[in-house]
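Structure data follow from model37.cif (mmCIF, N, CA and C atoms):
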```cif
data_my_file
loop_
_atom_site.group_PDB
_atom_site.id
_atom_site.type_symbol
_atom_site.label_atom_id
_atom_site.label_comp_id
_atom_site.auth_asym_id
_atom_site.auth_seq_id
_atom_site.Cartn_x
_atom_site.Cartn_y
_atom_site.Cartn_z
ATOM 1 N N MET P 12 -56.788 -76.519 -17.059
ATOM 2 C CA MET P 12 -55.661 -75.973 -17.809
ATOM 3 C C MET P 12 -54.874 -75.039 -16.889
ATOM 4 N N PRO P 13 -53.550 -75.217 -16.883
ATOM 5 C CA PRO P 13 -52.750 -74.367 -15.992
ATOM 6 C C PRO P 13 -52.710 -72.913 -16.456
ATOM 7 N N ASP P 14 -52.425 -72.063 -15.526
ATOM 8 C CA ASP P 14 -52.324 -70.634 -15.811
ATOM 9 C C ASP P 14 -51.187 -70.398 -16.806
ATOM 10 N N PRO P 15 -51.428 -69.674 -17.903
ATOM 11 C CA PRO P 15 -50.379 -69.467 -18.912
ATOM 12 C C PRO P 15 -49.160 -68.717 -18.382
ATOM 13 N N ARG P 16 -49.323 -67.973 -17.304
ATOM 14 C CA ARG P 16 -48.180 -67.248 -16.745
ATOM 15 C C ARG P 16 -47.141 -68.193 -16.175
ATOM 16 N N PHE P 17 -47.551 -69.408 -15.823
ATOM 17 C CA PHE P 17 -46.620 -70.370 -15.257
ATOM 18 C C PHE P 17 -45.937 -71.226 -16.313
ATOM 19 N N SER P 18 -46.300 -71.091 -17.573
ATOM 20 C CA SER P 18 -45.705 -71.937 -18.600
ATOM 21 C C SER P 18 -44.204 -71.701 -18.718
ATOM 22 N N GLY P 19 -43.744 -70.478 -18.554
ATOM 23 C CA GLY P 19 -42.306 -70.197 -18.577
ATOM 24 C C GLY P 19 -41.592 -70.865 -17.413
ATOM 25 N N PHE P 20 -42.235 -70.851 -16.253
ATOM 26 C CA PHE P 20 -41.661 -71.507 -15.075
ATOM 27 C C PHE P 20 -41.528 -73.002 -15.305
ATOM 28 N N PHE P 21 -42.607 -73.618 -15.827
ATOM 29 C CA PHE P 21 -42.565 -75.058 -16.081
ATOM 30 C C PHE P 21 -41.543 -75.399 -17.157
ATOM 31 N N LEU P 22 -41.427 -74.567 -18.175
ATOM 32 C CA LEU P 22 -40.447 -74.788 -19.228
ATOM 33 C C LEU P 22 -39.035 -74.719 -18.665
ATOM 34 N N LEU P 23 -38.754 -73.696 -17.871
ATOM 35 C CA LEU P 23 -37.428 -73.551 -17.283
ATOM 36 C C LEU P 23 -37.122 -74.708 -16.336
ATOM 37 N N THR P 24 -38.096 -75.108 -15.535
ATOM 38 C CA THR P 24 -37.902 -76.226 -14.620
ATOM 39 C C THR P 24 -37.631 -77.512 -15.387
ATOM 40 N N GLY P 25 -38.376 -77.751 -16.441
ATOM 41 C CA GLY P 25 -38.179 -78.961 -17.244
ATOM 42 C C GLY P 25 -36.826 -78.982 -17.928
ATOM 43 N N VAL P 26 -36.424 -77.870 -18.503
ATOM 44 C CA VAL P 26 -35.129 -77.798 -19.175
ATOM 45 C C VAL P 26 -34.006 -77.998 -18.166
ATOM 46 N N THR P 27 -34.135 -77.412 -16.989
ATOM 47 C CA THR P 27 -33.124 -77.575 -15.949
ATOM 48 C C THR P 27 -33.023 -79.035 -15.518
ATOM 49 N N PHE P 28 -34.173 -79.674 -15.323
ATOM 50 C CA PHE P 28 -34.168 -81.076 -14.904
ATOM 51 C C PHE P 28 -33.535 -81.967 -15.967
ATOM 52 N N VAL P 29 -33.896 -81.767 -17.226
ATOM 53 C CA VAL P 29 -33.341 -82.585 -18.301
ATOM 54 C C VAL P 29 -31.837 -82.373 -18.421
ATOM 55 N N GLY P 30 -31.414 -81.117 -18.341
ATOM 56 C CA GLY P 30 -29.982 -80.839 -18.408
ATOM 57 C C GLY P 30 -29.229 -81.462 -17.247
ATOM 58 N N PHE P 31 -29.798 -81.383 -16.069
ATOM 59 C CA PHE P 31 -29.175 -81.961 -14.878
ATOM 60 C C PHE P 31 -29.108 -83.482 -14.990
ATOM 61 N N ALA P 32 -30.217 -84.089 -15.409
ATOM 62 C CA ALA P 32 -30.268 -85.552 -15.518
ATOM 63 C C ALA P 32 -29.368 -86.072 -16.628
ATOM 64 N N SER P 33 -29.232 -85.326 -17.701
ATOM 65 C CA SER P 33 -28.401 -85.810 -18.810
ATOM 66 C C SER P 33 -26.938 -85.888 -18.410
ATOM 67 N N GLY P 34 -26.510 -85.045 -17.503
ATOM 68 C CA GLY P 34 -25.135 -85.110 -17.023
ATOM 69 C C GLY P 34 -24.853 -86.362 -16.218
ATOM 70 N N PHE P 35 -25.894 -86.947 -15.638
ATOM 71 C CA PHE P 35 -25.725 -88.160 -14.851
ATOM 72 C C PHE P 35 -25.913 -89.420 -15.671
ATOM 73 N N GLY P 36 -26.102 -89.277 -16.967
ATOM 74 C CA GLY P 36 -26.247 -90.446 -17.829
ATOM 75 C C GLY P 36 -25.016 -91.338 -17.827
ATOM 76 N N VAL P 37 -23.861 -90.779 -17.485
ATOM 77 C CA VAL P 37 -22.627 -91.561 -17.494
ATOM 78 C C VAL P 37 -22.597 -92.604 -16.391
ATOM 79 N N CYS P 38 -23.389 -92.436 -15.349
ATOM 80 C CA CYS P 38 -23.298 -93.387 -14.229
ATOM 81 C C CYS P 38 -24.634 -94.036 -13.868
ATOM 82 N N LEU P 39 -25.667 -93.787 -14.640
ATOM 83 C CA LEU P 39 -26.963 -94.348 -14.269
ATOM 84 C C LEU P 39 -26.977 -95.873 -14.307
ATOM 85 N N PHE P 40 -26.379 -96.474 -15.310
ATOM 86 C CA PHE P 40 -26.450 -97.921 -15.463
ATOM 87 C C PHE P 40 -25.082 -98.585 -15.471
ATOM 88 N N ASN P 41 -24.023 -97.842 -15.221
ATOM 89 C CA ASN P 41 -22.677 -98.381 -15.245
ATOM 90 C C ASN P 41 -21.941 -97.920 -14.001
ATOM 91 N N LEU P 42 -21.800 -98.798 -13.039
ATOM 92 C CA LEU P 42 -21.162 -98.426 -11.782
ATOM 93 C C LEU P 42 -19.654 -98.235 -11.919
ATOM 94 N N ASP P 43 -19.080 -98.612 -13.058
ATOM 95 C CA ASP P 43 -17.655 -98.390 -13.274
ATOM 96 C C ASP P 43 -17.336 -96.917 -13.501
ATOM 97 N N THR P 44 -18.346 -96.106 -13.773
ATOM 98 C CA THR P 44 -18.132 -94.686 -14.074
ATOM 99 C C THR P 44 -18.613 -93.787 -12.935
ATOM 100 N N VAL P 45 -18.598 -94.303 -11.717
ATOM 101 C CA VAL P 45 -19.072 -93.530 -10.566
ATOM 102 C C VAL P 45 -18.218 -92.272 -10.373
ATOM 103 N N ASP P 46 -16.922 -92.358 -10.638
ATOM 104 C CA ASP P 46 -16.069 -91.177 -10.488
ATOM 105 C C ASP P 46 -16.520 -90.033 -11.388
ATOM 106 N N ALA P 47 -16.918 -90.360 -12.611
ATOM 107 C CA ALA P 47 -17.415 -89.327 -13.522
ATOM 108 C C ALA P 47 -18.706 -88.726 -12.987
ATOM 109 N N CYS P 48 -19.551 -89.550 -12.393
ATOM 110 C CA CYS P 48 -20.812 -89.063 -11.830
ATOM 111 C C CYS P 48 -20.552 -88.117 -10.663
ATOM 112 N N VAL P 49 -19.601 -88.447 -9.828
ATOM 113 C CA VAL P 49 -19.251 -87.579 -8.697
ATOM 114 C C VAL P 49 -18.708 -86.248 -9.211
ATOM 115 N N GLY P 50 -17.939 -86.286 -10.278
ATOM 116 C CA GLY P 50 -17.432 -85.049 -10.869
ATOM 117 C C GLY P 50 -18.550 -84.163 -11.386
ATOM 118 N N VAL P 51 -19.527 -84.772 -12.040
ATOM 119 C CA VAL P 51 -20.675 -84.008 -12.544
ATOM 120 C C VAL P 51 -21.470 -83.421 -11.381
ATOM 121 N N ALA P 52 -21.668 -84.212 -10.329
ATOM 122 C CA ALA P 52 -22.421 -83.726 -9.167
ATOM 123 C C ALA P 52 -21.706 -82.545 -8.510
ATOM 124 N N ASN P 53 -20.388 -82.648 -8.367
ATOM 125 C CA ASN P 53 -19.635 -81.537 -7.773
ATOM 126 C C ASN P 53 -19.708 -80.286 -8.632
ATOM 127 N N HIS P 54 -19.695 -80.458 -9.944
ATOM 128 C CA HIS P 54 -19.819 -79.317 -10.857
ATOM 129 C C HIS P 54 -21.166 -78.621 -10.665
ATOM 130 N N TRP P 55 -22.252 -79.402 -10.577
ATOM 131 C CA TRP P 55 -23.588 -78.821 -10.422
ATOM 132 C C TRP P 55 -23.771 -78.172 -9.058
ATOM 133 N N VAL P 56 -23.165 -78.734 -8.025
ATOM 134 C CA VAL P 56 -23.268 -78.117 -6.699
ATOM 135 C C VAL P 56 -22.675 -76.713 -6.742
ATOM 136 N N GLY P 57 -21.534 -76.562 -7.414
ATOM 137 C CA GLY P 57 -20.922 -75.239 -7.547
ATOM 138 C C GLY P 57 -21.818 -74.259 -8.282
ATOM 139 N N ILE P 58 -22.452 -74.721 -9.354
ATOM 140 C CA ILE P 58 -23.350 -73.854 -10.130
ATOM 141 C C ILE P 58 -24.552 -73.438 -9.287
ATOM 142 N N PHE P 59 -25.178 -74.390 -8.597
ATOM 143 C CA PHE P 59 -26.342 -74.066 -7.772
ATOM 144 C C PHE P 59 -25.966 -73.117 -6.637
ATOM 145 N N GLN P 60 -24.785 -73.285 -6.072
ATOM 146 C CA GLN P 60 -24.353 -72.388 -5.004
ATOM 147 C C GLN P 60 -24.140 -70.971 -5.534
ATOM 148 N N GLN P 61 -23.551 -70.838 -6.722
ATOM 149 C CA GLN P 61 -23.355 -69.514 -7.313
ATOM 150 C C GLN P 61 -24.690 -68.843 -7.614
ATOM 151 N N VAL P 62 -25.633 -69.595 -8.140
ATOM 152 C CA VAL P 62 -26.960 -69.033 -8.442
ATOM 153 C C VAL P 62 -27.656 -68.604 -7.151
ATOM 154 N N GLY P 63 -27.590 -69.439 -6.123
ATOM 155 C CA GLY P 63 -28.200 -69.094 -4.849
ATOM 156 C C GLY P 63 -27.579 -67.858 -4.230
ATOM 157 N N ASP P 64 -26.256 -67.767 -4.288
ATOM 158 C CA ASP P 64 -25.579 -66.582 -3.752
ATOM 159 C C ASP P 64 -25.987 -65.324 -4.512
ATOM 160 N N HIS P 65 -26.147 -65.453 -5.819
ATOM 161 C CA HIS P 65 -26.553 -64.308 -6.636
ATOM 162 C C HIS P 65 -27.981 -63.871 -6.286
ATOM 163 N N ILE P 66 -28.869 -64.831 -6.096
ATOM 164 C CA ILE P 66 -30.260 -64.502 -5.749
ATOM 165 C C ILE P 66 -30.323 -63.823 -4.384
ATOM 166 N N ILE P 67 -29.547 -64.306 -3.436
ATOM 167 C CA ILE P 67 -29.537 -63.696 -2.103
ATOM 168 C C ILE P 67 -29.002 -62.264 -2.173
ATOM 169 N N ALA P 68 -27.910 -62.062 -2.897
ATOM 170 C CA ALA P 68 -27.350 -60.706 -3.033
ATOM 171 C C ALA P 68 -28.335 -59.784 -3.743
ATOM 172 N N TRP P 69 -29.031 -60.290 -4.750
ATOM 173 C CA TRP P 69 -30.028 -59.498 -5.470
ATOM 174 C C TRP P 69 -31.169 -59.099 -4.535
ATOM 175 N N ALA P 70 -31.631 -60.040 -3.707
ATOM 176 C CA ALA P 70 -32.731 -59.737 -2.787
ATOM 177 C C ALA P 70 -32.317 -58.677 -1.767
ATOM 178 N N PHE P 71 -31.101 -58.772 -1.248
ATOM 179 C CA PHE P 71 -30.621 -57.755 -0.313
ATOM 180 C C PHE P 71 -30.543 -56.388 -0.982
ATOM 181 N N ALA P 72 -30.096 -56.344 -2.225
ATOM 182 C CA ALA P 72 -29.999 -55.071 -2.939
ATOM 183 C C ALA P 72 -31.388 -54.469 -3.168
ATOM 184 N N ILE P 73 -32.366 -55.303 -3.504
ATOM 185 C CA ILE P 73 -33.735 -54.820 -3.719
ATOM 186 C C ILE P 73 -34.301 -54.261 -2.413
ATOM 187 N N PHE P 74 -34.166 -54.989 -1.303
ATOM 188 C CA PHE P 74 -34.678 -54.511 -0.018
ATOM 189 C C PHE P 74 -33.969 -53.240 0.422
ATOM 190 N N HIS P 75 -32.692 -53.183 0.213
ATOM 191 C CA HIS P 75 -31.921 -52.002 0.588
ATOM 192 C C HIS P 75 -32.395 -50.769 -0.220
ATOM 193 N N ALA P 76 -32.583 -50.961 -1.515
ATOM 194 C CA ALA P 76 -33.051 -49.858 -2.365
ATOM 195 C C ALA P 76 -34.477 -49.454 -1.995
ATOM 196 N N ALA P 77 -35.311 -50.419 -1.655
ATOM 197 C CA ALA P 77 -36.711 -50.120 -1.317
ATOM 198 C C ALA P 77 -36.805 -49.346 -0.006
ATOM 199 N N PHE P 78 -35.986 -49.676 0.974
ATOM 200 C CA PHE P 78 -36.059 -49.000 2.268
ATOM 201 C C PHE P 78 -35.347 -47.661 2.272
ATOM 202 N N GLN P 79 -34.530 -47.377 1.290
ATOM 203 C CA GLN P 79 -33.893 -46.077 1.224
ATOM 204 C C GLN P 79 -34.831 -45.024 0.642
ATOM 205 N N ARG P 80 -35.886 -45.412 0.025
ATOM 206 C CA ARG P 80 -36.803 -44.449 -0.594
ATOM 207 C C ARG P 80 -37.821 -43.982 0.373
#
```

Let me see whether you can do it: turn the structure in this file into structure tokens.
Amino acid sequence: MPDPRFSGFFLLTGVTFVGFASGFGVCLFNLDTVDACVGVANHWVGIFQQVGDHIIAWAFAIFHAAFQR
């Protein structure tokens, strides 16, 4: 049985995967809608980049605050 502390992580990962995959439902079996799929992919790339930038800025702020003490 997995550690219960990781259940939130697995839940968040699963919800993220399902949400990400559902956006690509428009082009999974219909190659005529590839343009829509590219649009969805570009939208998600922007979101992931914003989240990554936020995490990096947060980590720098934490280290900066920790070393000032």

Between atom C of Thr24 (chain P) and atom N of His75 (chain P) - distance in Å to one decimal: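 Computed distance, atom N of His75 (chain P) to atom C of Thr24 (chain P), equals 29.3 Å.
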
Gap from CA of Gly30 (chain P) to CA of Asn53 (chain P) - Å, one decimal: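 Those two atoms sit 14.9 Å apart.
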
Length of the CA of Trp55 (chain P) to CA of Val26 (chain P) vector [Å]: 14.5 Å

From P:Trp69, P:Asp64, P:Ala32, P:Ala77, residue lying nearest Val51 (chain P) [only C-alpha atoms]: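 Once distances to Val51 (chain P) are computed over only C-alpha atoms, the minimum belongs to P:Ala32.
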
Where is the centre and how long are the edges: axis-aligned box on region 59-70 of chain P, 6 Å on each side, Å to one decimal, as lines of an AutoDock Vina configuration file:
```
center_x = -28.0
center_y = -66.5
center_z = -5.2
size_x = 21.4
size_y = 27.7
size_z = 18.8
```

Incomplete region 16-27 of chain P filled out to all heavy atoms as a CSV table (one decimal), in the coordinates of the input:
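Okay, this is what ended up in selection33.csv:
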```
chain,number,residue,atom,x,y,z
P,16,ARG,N,-49.3,-68.0,-17.3
P,16,ARG,CA,-48.2,-67.2,-16.7
P,16,ARG,C,-47.1,-68.2,-16.2
P,16,ARG,O,-46.0,-67.8,-16.0
P,16,ARG,CB,-48.6,-66.3,-15.7
P,16,ARG,CG,-49.5,-65.1,-16.2
P,16,ARG,CD,-50.0,-64.3,-15.1
P,16,ARG,NE,-51.0,-65.0,-14.3
P,16,ARG,CZ,-51.6,-64.5,-13.3
P,16,ARG,NH1,-51.3,-63.3,-12.9
P,16,ARG,NH2,-52.5,-65.3,-12.6
P,17,PHE,N,-47.6,-69.4,-15.8
P,17,PHE,CA,-46.6,-70.4,-15.3
P,17,PHE,C,-45.9,-71.2,-16.3
P,17,PHE,O,-45.1,-72.0,-16.0
P,17,PHE,CB,-47.3,-71.3,-14.2
P,17,PHE,CG,-47.7,-70.6,-13.0
P,17,PHE,CD1,-49.0,-70.4,-12.6
P,17,PHE,CD2,-46.7,-70.1,-12.1
P,17,PHE,CE1,-49.3,-69.7,-11.5
P,17,PHE,CE2,-47.0,-69.5,-10.9
P,17,PHE,CZ,-48.3,-69.3,-10.6
P,18,SER,N,-46.3,-71.1,-17.6
P,18,SER,CA,-45.7,-71.9,-18.6
P,18,SER,C,-44.2,-71.7,-18.7
P,18,SER,O,-43.4,-72.6,-18.9
P,18,SER,CB,-46.4,-71.7,-19.9
P,18,SER,OG,-46.2,-70.4,-20.4
P,19,GLY,N,-43.7,-70.5,-18.6
P,19,GLY,CA,-42.3,-70.2,-18.6
P,19,GLY,C,-41.6,-70.9,-17.4
P,19,GLY,O,-40.5,-71.4,-17.6
P,20,PHE,N,-42.2,-70.9,-16.3
P,20,PHE,CA,-41.7,-71.5,-15.1
P,20,PHE,C,-41.5,-73.0,-15.3
P,20,PHE,O,-40.5,-73.6,-15.0
P,20,PHE,CB,-42.5,-71.2,-13.8
P,20,PHE,CG,-42.1,-72.0,-12.7
P,20,PHE,CD1,-41.0,-71.7,-11.9
P,20,PHE,CD2,-42.9,-73.1,-12.3
P,20,PHE,CE1,-40.6,-72.5,-10.8
P,20,PHE,CE2,-42.6,-73.9,-11.2
P,20,PHE,CZ,-41.4,-73.6,-10.4
P,21,PHE,N,-42.6,-73.6,-15.8
P,21,PHE,CA,-42.6,-75.1,-16.1
P,21,PHE,C,-41.5,-75.4,-17.2
P,21,PHE,O,-40.9,-76.4,-17.1
P,21,PHE,CB,-43.9,-75.6,-16.5
P,21,PHE,CG,-44.9,-75.6,-15.3
P,21,PHE,CD1,-46.2,-75.0,-15.5
P,21,PHE,CD2,-44.6,-76.1,-14.1
P,21,PHE,CE1,-47.1,-75.0,-14.5
P,21,PHE,CE2,-45.5,-76.1,-13.0
P,21,PHE,CZ,-46.7,-75.5,-13.2
P,22,LEU,N,-41.4,-74.6,-18.2
P,22,LEU,CA,-40.4,-74.8,-19.2
P,22,LEU,C,-39.0,-74.7,-18.7
P,22,LEU,O,-38.2,-75.6,-18.9
P,22,LEU,CB,-40.6,-73.8,-20.3
P,22,LEU,CG,-39.6,-73.8,-21.5
P,22,LEU,CD1,-39.8,-75.1,-22.3
P,22,LEU,CD2,-39.8,-72.7,-22.4
P,23,LEU,N,-38.8,-73.7,-17.9
P,23,LEU,CA,-37.4,-73.6,-17.3
P,23,LEU,C,-37.1,-74.7,-16.3
P,23,LEU,O,-36.0,-75.2,-16.3
P,23,LEU,CB,-37.3,-72.2,-16.5
P,23,LEU,CG,-36.0,-71.9,-15.9
P,23,LEU,CD1,-34.9,-71.8,-16.9
P,23,LEU,CD2,-36.1,-70.6,-15.1
P,24,THR,N,-38.1,-75.1,-15.5
P,24,THR,CA,-37.9,-76.2,-14.6
P,24,THR,C,-37.6,-77.5,-15.4
P,24,THR,O,-36.7,-78.3,-15.0
P,24,THR,CB,-39.1,-76.4,-13.7
P,24,THR,OG1,-39.4,-75.2,-13.0
P,24,THR,CG2,-38.9,-77.5,-12.7
P,25,GLY,N,-38.4,-77.8,-16.4
P,25,GLY,CA,-38.2,-79.0,-17.2
P,25,GLY,C,-36.8,-79.0,-17.9
P,25,GLY,O,-36.1,-80.0,-17.9
P,26,VAL,N,-36.4,-77.9,-18.5
P,26,VAL,CA,-35.1,-77.8,-19.2
P,26,VAL,C,-34.0,-78.0,-18.2
P,26,VAL,O,-33.0,-78.7,-18.4
P,26,VAL,CB,-35.0,-76.5,-19.9
P,26,VAL,CG1,-33.5,-76.2,-20.4
P,26,VAL,CG2,-35.9,-76.4,-21.1
P,27,THR,N,-34.1,-77.4,-17.0
P,27,THR,CA,-33.1,-77.6,-15.9
P,27,THR,C,-33.0,-79.0,-15.5
P,27,THR,O,-31.9,-79.6,-15.4
P,27,THR,CB,-33.4,-76.7,-14.7
P,27,THR,OG1,-33.5,-75.3,-15.2
P,27,THR,CG2,-32.4,-76.8,-13.6
```
